Amino acid sequence: MVYRQARERCRARRQGTGLLVMLALVPITACAASAETAPPTLPDGVTVAIVQLRGDVAARQAQVQLTNGSDDAVVVGDVRVEDQRFDGPATRVIDRVSTVRAGGRVDIKVQLPPVSCPAPPEAAPEVVLELGAGKTAASVRAVAEDPLGFIAPLHERECRAQALSDAAAIAFTDFEPSPAGEAATLELTVSRRGEDQATILALQATNLLTFGPAAVDGAFPLNLELNEDSGAAPIVVDVPIVPFRCDPHAVQEDKRGTIFDVRLELDGDPGEIELFVGEALRGRILTWVADWCGFGTG
């Protein structure tokens with residue numbers, strides 16, 4: 001392999017080992033001249049994947065996981081993820097340089113852009129990495145694995161939410177806490193918009209919140225039909241909520257407890273979207289859960 005031969009010739013001439021892999025990628029030095037015709041690729045043993053962890057969901061972020069199975073450290077600067085299911089690249093949240101030791105792994109957080117609807121069925125994520133630093137930096141492109149399979153369902157949900165926005169606006173708009181043992185009130189506001197028809201069927205309970213006696217099979221029924229007979233006035237629903245669990249780490253380690261799945265039909269097509277309460281209401285709800293359960297500071 002031309003690239004590997006060029007790298008071995010460079011190894012004999014270069015002092016130090018930390019940036020060996022990255023410097024060998026860049027065809028601007030004399031010892032790499034023989035590899036000028038080879039496009040930059042990931043070093044042997046280096047792999048890349050993209051995952052979304054529970055803590056990334058509310059902020060619409062993801063993690064680029066770079067695993068270094070080579071014998072040399074890898075230096076990573078700019079990172080971007082390109083996928084036709086998104087309206088632009090996902091870029092690094094914190095502008096910094098990461099060093100991945102030999103045998104190690106780093107998780108680099110990226111901000112996901114809005115989805116692009118529709119998208120071709122063959123769409124797949126590609127990661128563009130800047131390896132090395134300064135004059136030795138080289139851009140390398142690689143197809144990324146999606147081992148958790150999160151991109152396709154995220155794209156489907158958010159495209160459905162975009163379509164729903166043509167028919168209705170839906171949001172959590174207020175929260176009224178309650179004493180321990182009683183249900184609090186989470187206000188949901190739905191407004192008809194445009195000509196499309198939609199039915200908001202139900203809210204699903206989360207891993208932190210449920211609906212007490214009002215729950216039916218783990219959901220709070222809504223059955224709000226939005227059509228030409230609905231009128232323009234917003235529909236405000238008081239949703240009763242109680243904590244699903246009262247162990248302190250449920251609040252301290254909360255990731256998805258205030259993100260509700262909303263079951264709906266859009267022009268007769270059933271599906272779900274995710275609806276976050278928002279950061280302001282999330283803080284108030286978590287404080288209330290702690291007080292309701294008896295481990296708050298107040």
# chains A, B, ... in the order shown; residues from 1 in each chain; ligands from 1
call {"tool": "residues_around", "arguments": {"residues": "range 95-103 of chain A", "least_positions_apart": "4", "cutoff": "9 Å", "atoms": "only C-alpha atoms", "output": "list in words"}}
result
Gly18, Leu66, Thr67, Asn68, Gly69, Ser70, Asp71, Asp72, Ala73, Val74, Val75, Val76, Gly77, Asp78, Ile108 and Ala133 of chain A
call {"tool": "write_last_selection", "arguments": {"atoms": "N, CA and C atoms", "output": "compact mmCIF listing (two decimals), in the first residue's frame"}}
result
# COMPACT_ATOMS: atom_id res chain seq x y z
N GLY A 18 4.45 11.37 18.68
CA GLY A 18 3.07 11.80 18.97
C GLY A 18 2.25 12.12 17.75
N LEU A 66 -14.40 8.61 18.17
CA LEU A 66 -13.20 8.28 17.41
C LEU A 66 -12.39 7.29 18.24
N THR A 67 -12.24 6.08 17.72
CA THR A 67 -11.52 5.03 18.41
C THR A 67 -10.19 4.79 17.72
N ASN A 68 -9.13 4.87 18.49
CA ASN A 68 -7.77 4.77 17.94
C ASN A 68 -7.17 3.41 18.26
N GLY A 69 -7.24 2.51 17.30
CA GLY A 69 -6.64 1.20 17.47
C GLY A 69 -5.25 1.10 16.87
N SER A 70 -4.66 2.25 16.53
CA SER A 70 -3.31 2.24 15.97
C SER A 70 -2.27 2.32 17.09
N ASP A 71 -1.01 2.39 16.70
CA ASP A 71 0.08 2.44 17.68
C ASP A 71 0.51 3.85 18.00
N ASP A 72 -0.12 4.85 17.40
CA ASP A 72 0.30 6.23 17.57
C ASP A 72 -0.88 7.10 18.00
N ALA A 73 -0.57 8.20 18.70
CA ALA A 73 -1.60 9.15 19.08
C ALA A 73 -2.16 9.84 17.84
N VAL A 74 -3.42 10.22 17.89
CA VAL A 74 -4.09 10.93 16.81
C VAL A 74 -4.59 12.26 17.33
N VAL A 75 -4.27 13.33 16.62
CA VAL A 75 -4.71 14.68 16.99
C VAL A 75 -5.86 15.10 16.08
N VAL A 76 -6.98 15.54 16.68
CA VAL A 76 -8.18 15.88 15.93
C VAL A 76 -8.56 17.33 16.21
N GLY A 77 -8.71 18.12 15.15
CA GLY A 77 -9.17 19.49 15.27
C GLY A 77 -10.64 19.61 14.89
N ASP A 78 -10.91 20.26 13.75
CA ASP A 78 -12.29 20.45 13.31
C ASP A 78 -12.95 19.10 13.04
N ILE A 108 -16.60 13.28 20.78
CA ILE A 108 -16.60 14.70 20.42
C ILE A 108 -18.04 15.12 20.16
N ALA A 133 -2.19 19.28 13.23
CA ALA A 133 -2.33 20.67 13.64
C ALA A 133 -1.44 21.55 12.78
call {"tool": "residues_around", "arguments": {"residues": "Leu154 in chain A", "least_positions_apart": "4", "cutoff": "10 Å", "atoms": "only C-alpha atoms", "output": "number ranges by chain"}}
result
A: 57, 60, 85, 115, 149-150, 158-160, 273-274
call {"tool": "write_last_selection", "arguments": {"atoms": "C-alpha atoms", "output": "CSV table (one decimal), in the first residue's frame"}}
result
chain,number,residue,atom,x,y,z
A,57,VAL,CA,-31.5,14.5,23.1
A,60,ARG,CA,-30.3,18.0,19.7
A,85,ARG,CA,-31.0,13.9,6.2
A,115,VAL,CA,-33.5,17.9,9.4
A,149,GLY,CA,-29.5,3.6,14.8
A,150,PHE,CA,-30.7,7.0,16.0
A,158,GLU,CA,-38.7,15.7,13.2
A,159,CYS,CA,-40.0,15.6,9.6
A,160,ARG,CA,-43.4,14.6,11.1
A,273,ILE,CA,-43.2,13.3,17.8
A,274,GLU,CA,-41.1,14.3,20.9
call {"tool": "closest_residue", "arguments": {"among": "A:Ala152, A:Ile50, A:Ala214, A:Ile285", "to": "Ala184 in chain A", "atoms": "only C-alpha atoms"}}
result
A:Ile285
call {"tool": "closest_atom_pairs", "arguments": {"of": "range 140-255 of chain A", "to": "range 116-128 of chain A", "cutoff": "7 Å", "atoms": "only C-alpha atoms", "output": "JSON lines"}}
result
{"residue": "A:Val140", "atom": "CA", "partner": "A:Val128", "partner_atom": "CA", "distance": 5.6}
{"residue": "A:Arg141", "atom": "CA", "partner": "A:Val128", "partner_atom": "CA", "distance": 4.4}
{"residue": "A:Ala142", "atom": "CA", "partner": "A:Val127", "partner_atom": "CA", "distance": 5.4}
{"residue": "A:Val143", "atom": "CA", "partner": "A:Glu126", "partner_atom": "CA", "distance": 4.3}
{"residue": "A:Ala144", "atom": "CA", "partner": "A:Glu126", "partner_atom": "CA", "distance": 5.4}
{"residue": "A:Cys159", "atom": "CA", "partner": "A:Cys117", "partner_atom": "CA", "distance": 5.9}
call {"tool": "write_last_selection", "arguments": {"atoms": "C-alpha atoms", "output": "PDB file, in the first residue's frame"}}
result
ATOM      1  CA  VAL A 140      -9.973  13.103   6.138  1.00  0.00           C
ATOM      2  CA  ARG A 141     -13.438  11.894   5.143  1.00  0.00           C
ATOM      3  CA  ALA A 142     -14.886   8.600   6.340  1.00  0.00           C
ATOM      4  CA  VAL A 143     -18.287   6.904   6.391  1.00  0.00           C
ATOM      5  CA  ALA A 144     -19.423   6.741  10.020  1.00  0.00           C
ATOM      6  CA  CYS A 159     -39.995  15.564   9.649  1.00  0.00           C
TER       7      CYS A 159
END
call {"tool": "select_by_dssp", "arguments": {"residues": "range 160-224 of chain A", "states": "helix (DSSP H, G or I)", "output": "NGL selection string"}}
result
:A and (160-165 or 212-214)
call {"tool": "residues_around", "arguments": {"residues": "range 174-183 of chain A", "least_positions_apart": "4", "cutoff": "10 Å", "atoms": "only C-alpha atoms", "output": "list in words"}}
result
Glu187, Leu188, Thr189, Thr210, Phe211, Gly212, Pro213, Asp238, Val239, Pro240, Ile241, Val242, Pro243, Val277, Ala280, Leu281, Arg282, Arg284, Ile285, Thr287, Trp288, Val289, Ala290, Asp291, Trp292, Cys293 and Gly294 of chain A
call {"tool": "atom_distance", "arguments": {"atom1": "CA of Leu112 in chain A", "atom2": "CA of Ala161 in chain A"}}
result
16.0 Å
call {"tool": "decode", "arguments": {"residues": "range 68-81 of chain A", "atoms": "C-alpha atoms", "output": "PDB file, in the first residue's frame"}}
result
ATOM      1  CA  ASN A  68      -7.773   4.770  17.942  1.00  0.00           C
ATOM      2  CA  GLY A  69      -6.645   1.197  17.468  1.00  0.00           C
ATOM      3  CA  SER A  70      -3.313   2.244  15.971  1.00  0.00           C
ATOM      4  CA  ASP A  71       0.078   2.436  17.676  1.00  0.00           C
ATOM      5  CA  ASP A  72       0.302   6.232  17.571  1.00  0.00           C
ATOM      6  CA  ALA A  73      -1.605   9.147  19.080  1.00  0.00           C
ATOM      7  CA  VAL A  74      -4.092  10.926  16.805  1.00  0.00           C
ATOM      8  CA  VAL A  75      -4.709  14.676  16.995  1.00  0.00           C
ATOM      9  CA  VAL A  76      -8.185  15.880  15.930  1.00  0.00           C
ATOM     10  CA  GLY A  77      -9.168  19.493  15.271  1.00  0.00           C
ATOM     11  CA  ASP A  78     -12.289  20.446  13.309  1.00  0.00           C
ATOM     12  CA  VAL A  79     -15.063  17.853  13.116  1.00  0.00           C
ATOM     13  CA  ARG A  80     -18.177  17.907  10.983  1.00  0.00           C
ATOM     14  CA  VAL A  81     -20.805  15.331  10.096  1.00  0.00           C
TER      15      VAL A  81
END
